[in-house]
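Report on one structure; see the data block that follows.
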Amino acid sequence: MKRLLRITAVALALIAAATLLGGPTNAAPARSTLVVAQGGDVDSLDNEKSLGPSKGAIILCSDWQPIGYKPLQLKNGLWTVDTKTFAPRIFERWEHRAVGGRHEYTLYVKRGLQHQSGNPITAHDVAFSFLRRQAFGRDALERTIGFFAANRDLQVVDDYTVRISASRFSPMFFNMFTQRNIYDSRRVRELAGPQDPWGEEYLKRNCVGGGPYKMTRWTPGVEMSFERWPEWWGNSTWEKTTIGNISLRIVPELATRILLLQRGQVDVALDIPSKEISRLRTSRGVKVLSYPSQNLLYIGINPNIKPFDNVKLRRALAHAFPYAQAIQDVYGGDAQRLNGALPTGVPLARKVAAYSTDLDRAKRMLAEAGYPNGIEISVMFDSRLAAHEDLAVMYKASLEKIGVRLNIQKMPSAQFNAELRTRRLPFFFYEALWWISDPLYMISLSFHTRAQTNVSGYGGPRTDEMIDRANVTDDDRARLRLLNQIQDVIIDDVAWIFLAQPNFNIAVRDNIDRYVHQNTELNHLWLLQKK
C-alpha cells in the first residue's frame, strides 16, 4: 500500500510539473533562461512593505544596494561576500567628519547612471527614498543607529550629493546602504499621482528602479518573468549579467519543486527543507551549496493577545519544545541551537540555551499559569516553508504530553506576511536574518516597539527605554552591559521560543556556476552563470 501511495505521489508530481511548465516533463530551460521554482508568491513589489519571497523579485528590478560587497572565494571553492570591505555601486564614494559636536555623512552618487525609465539616478532619488521610508515608519534603523531623521537632518547638496547630519558617530552607518532601495522618484510621482505621493498603491504591483532585469509579466500565483536590461550600469563592473531571461515560478508543492529540479526542468529550487536537501546531495545532475548561517528560527509570541499575555504559559510552552529532536529529525543535524535573542557569531550571544526540553517542568508551569487541565491553542506558519510544518507536527506531539492541544494553521505566503506586518499573528513559526552582525542593531530591530520588524509585538516602556539608552551610550563597555541586561529581560519574558540556526542551503543544477552567498541570504540571481 505504501509503495502504491509513493508511486501515485510521484505520478501526480510529474503531472503537476508538466502543467506548471506548460510542456513535456523532459523539457529543460534554454541556456539563455534561468528558471527558479519557489514555494510562495510575491505579496508586494514595494520594498518598504514586502516580506518573504517578495524581496527576491524586488532586487532583480530595483536599485537596492547603493553600497555593496565584492564576492570572495572561500578555500572550499564556494563564493560569498567580503562584509569587511565595501564596494562602490550607486554611491561611488562616501565620507564622515565631526563638525561642531555633530557628525556629517556625505554620500556621492555616481554620475551617468539611470533608472530603467531613462531618468537619471540622482541625489533627489536618494532623498525621496529616505523620506518614503520615514513616512511608512520604516526608518527605525536610521533613528537607532544613525540618530537622524530624514525630514530634518538630510540635505540635498546638489544633484549628486546628499549630506546627513547625525547626533553621534555610528560604525554601522554606511552598512545601512548595503540594504536600501533607491526609487525612481520622478517615475513614482508621475504615475502614482497627487493622491498617492509615495506611490503606495502603484508600487504594490509595479517595479520602479534601475536593477539588472526588467519585469515583463506577473501572473499572481503562477509566475513572474524578467528580461535582462542591457543598459544596467552594473554591466560595466564585476556584476556583469549573462542570462537573458529569469522566470520565478510559483510551485507550492515541495515534491513538485524537487522533481522539477531533479529532471532538469528548473535550474534552481528554493524553499527546500534540510531533510530533503540531504537526499538531493546524491541526485544526479544536482548540486547543493551549504553555508553556516546567523538565521534565527523561533516561535514568535504576541504577548498582547490572550492567552499569550501569561508569562507562565509562555515558559511552559518553551519547556515543551523538542529542541534536539527538531535539529536532528527536521534539519538532519544541519543546524545549531539558538540559545537566546542573538545568534552564535554575534557578540553577547549566549553559549547556554535559555530553555531546554523538560515536560515535567512544563506541566507544572502550565498548572501555575492557571491551566491544570490543559489548554487549546493554534500555531501559524508560512506554507512555503515545509520545515515549519514538520516542526509544528513535532511540537504538537510534544505538547499533547502536557495537556496542550495544538491546532496547526498553514497559511499562504502572502496572507501570512500581511498578517505578520500588522502583528495579528498570536503564535507562529518564523525565521529572521539580520543583515548587520551587531547586537544593538539586532535587539533594536527585533524588540523595540517602534520597529516594524518587531513582528511579535513584544516590548513596552521598560525595554524601549533600555534599548534607547543603549543607542545613546558612547561607552562601548556600558553599552554591552546594558544589552546583556536587555537580553536577560527578553529571555526571562520568553519574548520568543528560541529554536535553532538552520544552515543556508540552496539546490541548483550542476551547470549553474558563480552562486554568491550574500550576508542577506537573498539570491542575487543576476550573478549566476549557466553553462
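Quick note on naming: the chains in the C-alpha cells go A, B, ... in the order shown, residues restart at 1 in each chain, and ligands are numbered from 1 in order of appearance.
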Contact check, stretch 316-423 of chain A to stretch 445-469 of chain A, at most 12 Å, counting only C-alpha atoms, closest pairs as a Markdown table:
```
| residue | atom | partner | partner_atom | distance |
| --- | --- | --- | --- | --- |
| A:Ala341 | CA | A:Ser446 | CA | 8.6 |
| A:Leu342 | CA | A:Ser446 | CA | 10.0 |
| A:Phe416 | CA | A:Val455 | CA | 11.4 |
| A:Asn417 | CA | A:Val455 | CA | 9.8 |
| A:Ala418 | CA | A:Val455 | CA | 10.8 |
| A:Glu419 | CA | A:Val455 | CA | 9.3 |
| A:Leu420 | CA | A:Val455 | CA | 5.9 |
| A:Arg421 | CA | A:Val455 | CA | 6.2 |
| A:Thr422 | CA | A:Val455 | CA | 7.6 |
| A:Arg423 | CA | A:Val455 | CA | 5.6 |
```
*Could you name the residues that touch stretch 230-240 of chain A at 7 Å or less, counting only C-alpha atoms, but leaving out those on the same chain fewer than 4 positions away, as a list in words?*
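Near neighbours after the sequence-gap exclusion: Leu113, Gly210, Gly211, Pro212 and Leu527 of chain A.
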*From the set A:Ile258, A:Val268, A:Val330, A:Ile436, which residue has the shortest atom-to-atom contact distance to A:Thr33, counting only C-alpha atoms?*
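Using only C-alpha atoms, the shortest distance to A:Thr33 belongs to A:Val268.
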Non-local contacts of A:Ser225 (10 Å; only C-alpha atoms; under 2 positions in same chain excluded) as a PDB file with N, CA and C atoms, in the first residue's frame:
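What follows is the written file part-v6.pdb:
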```pdb
ATOM      1  N   VAL A  35      15.373  29.381 -14.819  1.00  0.00           N
ATOM      2  CA  VAL A  35      14.057  29.090 -14.255  1.00  0.00           C
ATOM      3  C   VAL A  35      14.237  28.716 -12.791  1.00  0.00           C
ATOM      4  N   ALA A  57      12.217  39.073  -5.871  1.00  0.00           N
ATOM      5  CA  ALA A  57      11.767  39.703  -7.111  1.00  0.00           C
ATOM      6  C   ALA A  57      12.176  41.166  -7.155  1.00  0.00           C
ATOM      7  N   TYR A 213      17.358  43.570 -14.207  1.00  0.00           N
ATOM      8  CA  TYR A 213      16.340  42.919 -15.041  1.00  0.00           C
ATOM      9  C   TYR A 213      15.031  43.700 -14.983  1.00  0.00           C
ATOM     10  N   LYS A 214      14.334  43.745 -16.105  1.00  0.00           N
ATOM     11  CA  LYS A 214      13.017  44.366 -16.183  1.00  0.00           C
ATOM     12  C   LYS A 214      11.938  43.310 -15.988  1.00  0.00           C
ATOM     13  N   MET A 215      10.918  43.641 -15.207  1.00  0.00           N
ATOM     14  CA  MET A 215       9.799  42.727 -15.066  1.00  0.00           C
ATOM     15  C   MET A 215       8.904  42.855 -16.299  1.00  0.00           C
ATOM     16  N   THR A 216       8.638  41.744 -16.965  1.00  0.00           N
ATOM     17  CA  THR A 216       7.824  41.760 -18.186  1.00  0.00           C
ATOM     18  C   THR A 216       6.422  41.207 -17.958  1.00  0.00           C
ATOM     19  N   ARG A 217       6.257  40.361 -16.932  1.00  0.00           N
ATOM     20  CA  ARG A 217       4.942  39.775 -16.689  1.00  0.00           C
ATOM     21  C   ARG A 217       4.859  39.286 -15.253  1.00  0.00           C
ATOM     22  N   TRP A 218       3.690  39.439 -14.667  1.00  0.00           N
ATOM     23  CA  TRP A 218       3.423  38.891 -13.329  1.00  0.00           C
ATOM     24  C   TRP A 218       2.018  38.306 -13.331  1.00  0.00           C
ATOM     25  N   THR A 219       1.942  36.994 -13.254  1.00  0.00           N
ATOM     26  CA  THR A 219       0.678  36.291 -13.125  1.00  0.00           C
ATOM     27  C   THR A 219       0.608  35.770 -11.700  1.00  0.00           C
ATOM     28  N   GLU A 223       3.608  32.919 -11.928  1.00  0.00           N
ATOM     29  CA  GLU A 223       4.959  33.196 -12.422  1.00  0.00           C
ATOM     30  C   GLU A 223       5.221  34.703 -12.479  1.00  0.00           C
ATOM     31  N   GLU A 227      13.370  40.157 -17.990  1.00  0.00           N
ATOM     32  CA  GLU A 227      14.340  40.102 -19.076  1.00  0.00           C
ATOM     33  C   GLU A 227      15.529  40.990 -18.750  1.00  0.00           C
ATOM     34  N   ASN A 245      16.957  35.836 -19.635  1.00  0.00           N
ATOM     35  CA  ASN A 245      15.634  35.896 -19.019  1.00  0.00           C
ATOM     36  C   ASN A 245      15.622  35.095 -17.716  1.00  0.00           C
ATOM     37  N   ILE A 246      14.852  35.565 -16.761  1.00  0.00           N
ATOM     38  CA  ILE A 246      14.687  34.862 -15.491  1.00  0.00           C
ATOM     39  C   ILE A 246      13.203  34.672 -15.233  1.00  0.00           C
ATOM     40  N   SER A 247      12.834  33.447 -14.897  1.00  0.00           N
ATOM     41  CA  SER A 247      11.446  33.122 -14.588  1.00  0.00           C
ATOM     42  C   SER A 247      11.356  32.619 -13.153  1.00  0.00           C
ATOM     43  N   LEU A 248      10.548  33.303 -12.337  1.00  0.00           N
ATOM     44  CA  LEU A 248      10.286  32.850 -10.976  1.00  0.00           C
ATOM     45  C   LEU A 248       8.948  32.125 -10.979  1.00  0.00           C
ATOM     46  N   ARG A 249       8.967  30.804 -10.892  1.00  0.00           N
ATOM     47  CA  ARG A 249       7.745  30.001 -10.946  1.00  0.00           C
ATOM     48  C   ARG A 249       7.257  29.719  -9.527  1.00  0.00           C
TER      49      ARG A 249
END
```
Please report, as a Markdown table, each residue of stretch 248-329 of chain A lying at most 12 Å from stretch 391-400 of chain A, together with the nearest pair of atoms and the separation in Å rounded to one decimal; use only C-alpha atoms, and order rows by chain and ascending residue number.
```
| residue | atom | partner | partner_atom | distance |
| --- | --- | --- | --- | --- |
| A:Pro273 | CA | A:Leu391 | CA | 11.0 |
| A:Leu297 | CA | A:Leu391 | CA | 10.8 |
| A:Tyr298 | CA | A:Leu391 | CA | 10.7 |
| A:Ile299 | CA | A:Ala392 | CA | 10.0 |
| A:Ala316 | CA | A:Leu399 | CA | 9.7 |
| A:Leu317 | CA | A:Leu399 | CA | 7.8 |
| A:Ala318 | CA | A:Leu399 | CA | 10.3 |
| A:His319 | CA | A:Leu399 | CA | 9.7 |
| A:Ala320 | CA | A:Leu399 | CA | 6.1 |
| A:Phe321 | CA | A:Tyr395 | CA | 5.9 |
| A:Pro322 | CA | A:Tyr395 | CA | 6.7 |
| A:Tyr323 | CA | A:Tyr395 | CA | 9.4 |
| A:Ala324 | CA | A:Met394 | CA | 11.4 |
| A:Gln325 | CA | A:Met394 | CA | 8.6 |
| A:Ala326 | CA | A:Leu391 | CA | 6.6 |
| A:Ile327 | CA | A:Leu391 | CA | 9.5 |
| A:Gln328 | CA | A:Leu391 | CA | 11.3 |
| A:Asp329 | CA | A:Leu391 | CA | 9.3 |
```
C-alpha atoms of the current selection, written as a PDB file, in the first residue's frame:
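Output file again39.pdb follows:
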```
ATOM      1  CA  PRO A 273      13.946  21.769   3.854  1.00  0.00           C
ATOM      2  CA  LEU A 297      14.440  30.284  13.746  1.00  0.00           C
ATOM      3  CA  TYR A 298      11.965  30.926  16.528  1.00  0.00           C
ATOM      4  CA  ILE A 299       8.344  30.796  17.577  1.00  0.00           C
ATOM      5  CA  ALA A 316       5.568  26.200  29.898  1.00  0.00           C
ATOM      6  CA  LEU A 317       5.389  26.263  26.099  1.00  0.00           C
ATOM      7  CA  ALA A 318       9.141  26.948  25.894  1.00  0.00           C
ATOM      8  CA  HIS A 319      10.000  23.915  28.038  1.00  0.00           C
ATOM      9  CA  ALA A 320       7.725  21.683  25.938  1.00  0.00           C
ATOM     10  CA  PHE A 321       9.526  22.148  22.619  1.00  0.00           C
ATOM     11  CA  PRO A 322      11.666  19.139  21.484  1.00  0.00           C
ATOM     12  CA  TYR A 323      14.802  21.113  20.540  1.00  0.00           C
ATOM     13  CA  ALA A 324      17.334  18.314  19.979  1.00  0.00           C
ATOM     14  CA  GLN A 325      14.836  16.167  18.110  1.00  0.00           C
ATOM     15  CA  ALA A 326      13.954  19.072  15.808  1.00  0.00           C
ATOM     16  CA  ILE A 327      17.579  19.773  14.899  1.00  0.00           C
ATOM     17  CA  GLN A 328      18.224  16.108  14.178  1.00  0.00           C
ATOM     18  CA  ASP A 329      14.963  14.976  12.554  1.00  0.00           C
TER      19      ASP A 329
END
```
*Could you pull out the alpha helix (DSSP H) residues of stretch 99-314 of chain A from DSSP and send them as JSON, numbers by chain?*
{"A": [123, 124, 125, 126, 127, 128, 129, 130, 131, 132, 133, 134, 135, 140, 141, 150, 151, 152, 153, 185, 186, 187, 188, 189, 190, 191, 192, 202, 203, 204, 205, 254, 255, 256, 257, 258, 259, 260, 261, 262, 274, 275, 276, 277, 278, 279, 280, 311, 312, 313, 314]}
Convert the current residue selection to file output with N, CA and C atoms, as a compact mmCIF listing (two decimals), in the first residue's frame.
```txt
# COMPACT_ATOMS: atom_id res chain seq x y z
N ALA A 123 20.69 62.51 -6.49
CA ALA A 123 20.57 62.69 -5.04
C ALA A 123 19.12 62.90 -4.63
N HIS A 124 18.30 63.42 -5.54
CA HIS A 124 16.88 63.62 -5.24
C HIS A 124 16.17 62.28 -5.05
N ASP A 125 16.59 61.25 -5.79
CA ASP A 125 16.03 59.91 -5.60
C ASP A 125 16.42 59.36 -4.23
N VAL A 126 17.66 59.62 -3.84
CA VAL A 126 18.13 59.15 -2.53
C VAL A 126 17.31 59.80 -1.42
N ALA A 127 17.10 61.12 -1.51
CA ALA A 127 16.33 61.84 -0.50
C ALA A 127 14.89 61.34 -0.47
N PHE A 128 14.27 61.18 -1.64
CA PHE A 128 12.90 60.68 -1.73
C PHE A 128 12.78 59.31 -1.05
N SER A 129 13.76 58.44 -1.29
CA SER A 129 13.72 57.09 -0.73
C SER A 129 13.82 57.11 0.78
N PHE A 130 14.67 58.00 1.32
CA PHE A 130 14.76 58.13 2.78
C PHE A 130 13.45 58.65 3.37
N LEU A 131 12.90 59.69 2.76
CA LEU A 131 11.67 60.29 3.26
C LEU A 131 10.50 59.31 3.17
N ARG A 132 10.52 58.49 2.13
CA ARG A 132 9.45 57.49 1.97
C ARG A 132 9.51 56.45 3.08
N ARG A 133 10.71 56.01 3.39
CA ARG A 133 10.86 55.05 4.50
C ARG A 133 10.33 55.65 5.79
N GLN A 134 10.66 56.91 6.02
CA GLN A 134 10.23 57.56 7.24
C GLN A 134 8.70 57.69 7.27
N ALA A 135 8.09 57.98 6.13
CA ALA A 135 6.64 58.12 6.06
C ALA A 135 5.93 56.84 6.43
N ALA A 140 13.38 52.97 11.48
CA ALA A 140 13.87 52.64 12.82
C ALA A 140 15.39 52.50 12.85
N LEU A 141 15.95 51.93 11.80
CA LEU A 141 17.40 51.75 11.75
C LEU A 141 18.11 53.10 11.71
N ALA A 150 15.18 61.85 8.50
CA ALA A 150 15.37 62.31 7.12
C ALA A 150 14.74 63.68 6.87
N ASN A 151 13.58 63.93 7.45
CA ASN A 151 12.91 65.20 7.15
C ASN A 151 13.58 66.39 7.83
N ARG A 152 14.52 66.12 8.75
CA ARG A 152 15.17 67.20 9.49
C ARG A 152 16.66 67.27 9.20
N ASP A 153 17.29 66.13 9.07
CA ASP A 153 18.76 66.08 9.06
C ASP A 153 19.37 65.73 7.70
N SER A 185 12.22 58.53 -8.26
CA SER A 185 11.24 59.43 -7.66
C SER A 185 10.38 60.14 -8.72
N ARG A 186 10.98 60.50 -9.85
CA ARG A 186 10.20 61.16 -10.91
C ARG A 186 9.14 60.21 -11.46
N ARG A 187 9.52 58.97 -11.64
CA ARG A 187 8.59 57.97 -12.18
C ARG A 187 7.44 57.73 -11.21
N VAL A 188 7.75 57.61 -9.94
CA VAL A 188 6.71 57.38 -8.94
C VAL A 188 5.72 58.54 -8.92
N ARG A 189 6.24 59.75 -8.92
CA ARG A 189 5.36 60.93 -8.84
C ARG A 189 4.51 61.07 -10.10
N GLU A 190 5.08 60.74 -11.25
CA GLU A 190 4.34 60.86 -12.50
C GLU A 190 3.20 59.86 -12.58
N LEU A 191 3.46 58.63 -12.17
CA LEU A 191 2.48 57.55 -12.37
C LEU A 191 1.55 57.34 -11.19
N ALA A 192 2.00 57.70 -10.00
CA ALA A 192 1.16 57.47 -8.82
C ALA A 192 0.11 58.57 -8.66
N TYR A 202 0.60 52.20 -6.30
CA TYR A 202 1.26 51.90 -7.57
C TYR A 202 2.38 50.87 -7.39
N LEU A 203 3.16 51.03 -6.33
CA LEU A 203 4.35 50.17 -6.15
C LEU A 203 4.02 48.77 -5.64
N LYS A 204 2.78 48.53 -5.28
CA LYS A 204 2.41 47.16 -4.92
C LYS A 204 2.59 46.22 -6.12
N ARG A 205 2.28 46.75 -7.30
CA ARG A 205 2.24 45.91 -8.50
C ARG A 205 3.29 46.28 -9.55
N LEU A 254 6.15 20.90 -2.41
CA LEU A 254 7.57 20.59 -2.24
C LEU A 254 8.00 19.46 -3.17
N ALA A 255 7.22 18.40 -3.23
CA ALA A 255 7.58 17.25 -4.06
C ALA A 255 7.74 17.66 -5.52
N THR A 256 6.91 18.57 -5.98
CA THR A 256 6.99 19.02 -7.37
C THR A 256 8.24 19.85 -7.60
N ARG A 257 8.58 20.74 -6.65
CA ARG A 257 9.80 21.54 -6.80
C ARG A 257 11.02 20.63 -6.90
N ILE A 258 11.06 19.61 -6.05
CA ILE A 258 12.20 18.69 -6.06
C ILE A 258 12.26 17.92 -7.38
N LEU A 259 11.12 17.45 -7.83
CA LEU A 259 11.09 16.67 -9.07
C LEU A 259 11.50 17.53 -10.27
N LEU A 260 11.02 18.76 -10.31
CA LEU A 260 11.40 19.65 -11.40
C LEU A 260 12.91 19.85 -11.45
N LEU A 261 13.53 19.99 -10.29
CA LEU A 261 14.98 20.17 -10.24
C LEU A 261 15.69 18.90 -10.67
N GLN A 262 15.25 17.76 -10.16
CA GLN A 262 15.91 16.50 -10.50
C GLN A 262 15.83 16.19 -11.99
N SER A 274 15.85 20.93 5.05
CA SER A 274 17.15 20.25 5.18
C SER A 274 17.07 18.75 4.94
N LYS A 275 16.00 18.11 5.40
CA LYS A 275 15.94 16.65 5.23
C LYS A 275 15.86 16.27 3.75
N GLU A 276 15.24 17.14 2.94
CA GLU A 276 15.20 16.88 1.50
C GLU A 276 16.50 17.28 0.83
N ILE A 277 17.14 18.32 1.38
CA ILE A 277 18.45 18.74 0.87
C ILE A 277 19.43 17.58 0.97
N SER A 278 19.37 16.85 2.08
CA SER A 278 20.29 15.71 2.27
C SER A 278 20.11 14.68 1.15
N ARG A 279 18.88 14.45 0.73
CA ARG A 279 18.62 13.49 -0.34
C ARG A 279 19.08 14.03 -1.69
N LEU A 280 18.93 15.34 -1.87
CA LEU A 280 19.31 15.93 -3.15
C LEU A 280 20.82 15.91 -3.36
N VAL A 311 2.87 35.05 31.15
CA VAL A 311 4.28 34.67 31.02
C VAL A 311 4.53 33.23 31.50
N LYS A 312 3.75 32.77 32.48
CA LYS A 312 3.93 31.39 32.94
C LYS A 312 3.53 30.40 31.85
N LEU A 313 2.50 30.74 31.09
CA LEU A 313 2.13 29.89 29.96
C LEU A 313 3.25 29.89 28.93
N ARG A 314 3.82 31.05 28.66
CA ARG A 314 4.91 31.12 27.68
C ARG A 314 6.09 30.27 28.12
```
With a distance cut-off of 6 Å and only C-alpha atoms, select the neighbouring residues of stretch 501-513 of chain A, excluding the residue or stretch itself and same-chain residues fewer than 2 positions from it, and output the selection as a PDB file with C-alpha atoms, in the first residue's frame.
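The result, stored in around-v7.pdb:
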```
ATOM      1  CA  ASP A 267      17.691  25.472 -12.707  1.00  0.00           C
ATOM      2  CA  VAL A 268      17.195  26.439  -9.059  1.00  0.00           C
ATOM      3  CA  ALA A 269      14.757  25.146  -6.430  1.00  0.00           C
ATOM      4  CA  GLY A 285      22.707  16.492 -12.118  1.00  0.00           C
ATOM      5  CA  VAL A 286      22.068  18.399  -8.874  1.00  0.00           C
ATOM      6  CA  LYS A 287      24.482  20.124  -6.523  1.00  0.00           C
ATOM      7  CA  VAL A 288      23.792  21.526  -3.073  1.00  0.00           C
ATOM      8  CA  LEU A 289      25.614  24.582  -1.740  1.00  0.00           C
ATOM      9  CA  SER A 290      25.666  24.924   2.047  1.00  0.00           C
ATOM     10  CA  TYR A 291      26.780  27.784   4.313  1.00  0.00           C
ATOM     11  CA  PRO A 292      26.630  28.326   8.111  1.00  0.00           C
ATOM     12  CA  SER A 293      24.052  30.976   8.906  1.00  0.00           C
ATOM     13  CA  ASN A 295      19.418  32.926  10.550  1.00  0.00           C
ATOM     14  CA  LEU A 296      17.155  32.933  13.629  1.00  0.00           C
ATOM     15  CA  LEU A 297      14.440  30.284  13.746  1.00  0.00           C
ATOM     16  CA  ASP A 334      22.259  20.736   9.534  1.00  0.00           C
ATOM     17  CA  ALA A 335      21.581  23.450  12.147  1.00  0.00           C
ATOM     18  CA  GLN A 336      22.763  24.635  15.543  1.00  0.00           C
ATOM     19  CA  LEU A 338      19.687  29.160  19.067  1.00  0.00           C
ATOM     20  CA  TYR A 515      26.468  31.388  -6.932  1.00  0.00           C
ATOM     21  CA  LEU A 528      24.699  33.321 -11.795  1.00  0.00           C
ATOM     22  CA  GLN A 529      26.248  31.840 -14.903  1.00  0.00           C
ATOM     23  CA  LYS A 530      24.749  28.937 -16.810  1.00  0.00           C
ATOM     24  CA  LYS A 531      26.977  26.538 -18.723  1.00  0.00           C
TER      25      LYS A 531
END
```
*Check stretch 315-498 of chain A with DSSP on the backbone and list each residue it calls strand (DSSP E), as a ChimeraX atom specification.*
/A:335-337,375-382,404-411,427-432,496-498
Write out the residues from the selection above, keeping N, CA and C atoms, as an mmCIF file, in the first residue's frame.
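Wrote out_38.cif, looks like this:
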```
data_model
loop_
_atom_site.group_PDB
_atom_site.id
_atom_site.type_symbol
_atom_site.label_atom_id
_atom_site.label_comp_id
_atom_site.auth_asym_id
_atom_site.auth_seq_id
_atom_site.Cartn_x
_atom_site.Cartn_y
_atom_site.Cartn_z
ATOM 1 N N ALA A 335 21.986 22.244 11.436
ATOM 2 C CA ALA A 335 21.581 23.450 12.147
ATOM 3 C C ALA A 335 22.259 23.431 13.506
ATOM 4 N N GLN A 336 22.261 24.569 14.178
ATOM 5 C CA GLN A 336 22.763 24.635 15.543
ATOM 6 C C GLN A 336 21.702 25.269 16.426
ATOM 7 N N ARG A 337 21.791 25.030 17.714
ATOM 8 C CA ARG A 337 20.794 25.547 18.644
ATOM 9 C C ARG A 337 20.895 27.066 18.763
ATOM 10 N N ILE A 375 -4.934 23.338 27.764
ATOM 11 C CA ILE A 375 -5.451 24.471 27.008
ATOM 12 C C ILE A 375 -5.345 24.158 25.523
ATOM 13 N N GLU A 376 -6.185 24.786 24.731
ATOM 14 C CA GLU A 376 -6.130 24.626 23.276
ATOM 15 C C GLU A 376 -5.621 25.927 22.652
ATOM 16 N N ILE A 377 -4.580 25.838 21.825
ATOM 17 C CA ILE A 377 -4.001 26.999 21.161
ATOM 18 C C ILE A 377 -3.727 26.652 19.699
ATOM 19 N N SER A 378 -3.376 27.666 18.906
ATOM 20 C CA SER A 378 -3.064 27.455 17.489
ATOM 21 C C SER A 378 -1.700 28.042 17.177
ATOM 22 N N VAL A 379 -1.014 27.416 16.229
ATOM 23 C CA VAL A 379 0.259 27.948 15.739
ATOM 24 C C VAL A 379 0.162 28.103 14.233
ATOM 25 N N MET A 380 0.712 29.217 13.703
ATOM 26 C CA MET A 380 0.658 29.517 12.278
ATOM 27 C C MET A 380 2.052 29.408 11.660
ATOM 28 N N PHE A 381 2.083 29.167 10.341
ATOM 29 C CA PHE A 381 3.364 29.189 9.634
ATOM 30 C C PHE A 381 3.115 29.441 8.152
ATOM 31 N N ASP A 382 4.160 29.894 7.479
ATOM 32 C CA ASP A 382 4.137 30.189 6.050
ATOM 33 C C ASP A 382 4.147 28.866 5.278
ATOM 34 N N VAL A 404 -1.650 20.156 26.305
ATOM 35 C CA VAL A 404 -1.919 21.280 25.410
ATOM 36 C C VAL A 404 -2.313 20.740 24.039
ATOM 37 N N ARG A 405 -3.454 21.190 23.552
ATOM 38 C CA ARG A 405 -3.950 20.778 22.235
ATOM 39 C C ARG A 405 -3.572 21.860 21.225
ATOM 40 N N LEU A 406 -2.752 21.491 20.262
ATOM 41 C CA LEU A 406 -2.221 22.463 19.309
ATOM 42 C C LEU A 406 -2.895 22.305 17.950
ATOM 43 N N ASN A 407 -3.521 23.368 17.467
ATOM 44 C CA ASN A 407 -4.056 23.405 16.107
ATOM 45 C C ASN A 407 -2.995 23.991 15.191
ATOM 46 N N ILE A 408 -2.765 23.348 14.065
ATOM 47 C CA ILE A 408 -1.733 23.784 13.125
ATOM 48 C C ILE A 408 -2.402 24.480 11.951
ATOM 49 N N GLN A 409 -2.009 25.721 11.696
ATOM 50 C CA GLN A 409 -2.613 26.513 10.626
ATOM 51 C C GLN A 409 -1.567 26.892 9.591
ATOM 52 N N LYS A 410 -1.660 26.251 8.422
ATOM 53 C CA LYS A 410 -0.782 26.579 7.300
ATOM 54 C C LYS A 410 -1.409 27.742 6.537
ATOM 55 N N MET A 411 -0.623 28.803 6.310
ATOM 56 C CA MET A 411 -1.154 29.999 5.662
ATOM 57 C C MET A 411 -0.393 30.299 4.374
ATOM 58 N N PHE A 427 0.818 33.352 17.608
ATOM 59 C CA PHE A 427 1.768 32.281 17.923
ATOM 60 C C PHE A 427 2.180 31.680 16.588
ATOM 61 N N PHE A 428 3.468 31.815 16.203
ATOM 62 C CA PHE A 428 3.821 31.483 14.825
ATOM 63 C C PHE A 428 5.293 31.124 14.698
ATOM 64 N N PHE A 429 5.585 30.259 13.747
ATOM 65 C CA PHE A 429 6.970 29.954 13.392
ATOM 66 C C PHE A 429 7.481 31.033 12.438
ATOM 67 N N TYR A 430 8.736 31.429 12.651
ATOM 68 C CA TYR A 430 9.287 32.488 11.811
ATOM 69 C C TYR A 430 10.804 32.365 11.770
ATOM 70 N N GLU A 431 11.379 32.874 10.688
ATOM 71 C CA GLU A 431 12.834 32.945 10.565
ATOM 72 C C GLU A 431 13.221 34.386 10.235
ATOM 73 N N ALA A 432 14.251 34.883 10.893
ATOM 74 C CA ALA A 432 14.713 36.253 10.670
ATOM 75 C C ALA A 432 16.227 36.250 10.536
ATOM 76 N N TRP A 496 10.357 35.225 22.654
ATOM 77 C CA TRP A 496 10.270 34.204 21.621
ATOM 78 C C TRP A 496 10.563 32.856 22.277
ATOM 79 N N ILE A 497 10.229 31.792 21.571
ATOM 80 C CA ILE A 497 10.773 30.472 21.907
ATOM 81 C C ILE A 497 11.934 30.269 20.939
ATOM 82 N N PHE A 498 13.152 30.310 21.468
ATOM 83 C CA PHE A 498 14.367 30.305 20.662
ATOM 84 C C PHE A 498 14.677 28.885 20.211
#
```
*Long-range neighbours of A:Ala87 as a list in words, 12 Å cut-off, only C-alpha atoms, 4 positions minimum in chain*: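 Here the qualifying residues turn out to be Gln65, Pro66, Ile67, Gly68, Tyr69, Lys70, Pro71, Val81, Asp82, Thr83, Phe91, Glu92, Arg93, Trp94, Phe174, Asn175, Phe177, Thr178, Gly234, Thr237, Trp238 and Glu239 of chain A.
Of the residues listed (A:Val346, A:Val42, A:Ile402, A:Val352), A:Ile402 shows the shortest atom-to-atom separation from A:Arg364; distances use only C-alpha atoms.
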*Which of these, A:Ala98, A:Leu45, A:Leu366, A:Ala30, has the shortest distance to A:Glu201 once you count only C-alpha atoms?*
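Nearest candidate to A:Glu201 out of A:Ala98, A:Leu45, A:Leu366, A:Ala30: A:Leu45.
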*Record the distance separating atom CA of A:Asp476 and atom CA of A:Ser167, expressed in Å with one decimal.*
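Rounded to one decimal, the two atoms are 16.7 Å apart.
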*Record the distance separating atom CA of A:Ala28 and atom CA of A:Ile243, expressed in Å with one decimal.*
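Here the two named atoms are 15.2 Å from each other.
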*If we count only C-alpha atoms, what is near A:Arg111 at a cut-off of 10 Å, once residues fewer than 4 positions away on the same chain are taken out, given as a list in words?*
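The neighbour list is Ile90, Phe91, Glu92, Pro120, Ile121, Thr122, Asp159 and Tyr160 of chain A.
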*List the neighbours of stretch 470-475 of chain A out to 12 Å using only C-alpha atoms; skip same-chain residues closer than 5 positions along the sequence, and give me the result as a VMD selection string.*
chain A and resid 140 to 147 166 to 172 439 to 445 448 463 to 465 480 to 486
_One decimal, in Å: what's the spacing between atom CA of A:Glu95 and atom CA of A:Arg138?_
24.3 Å
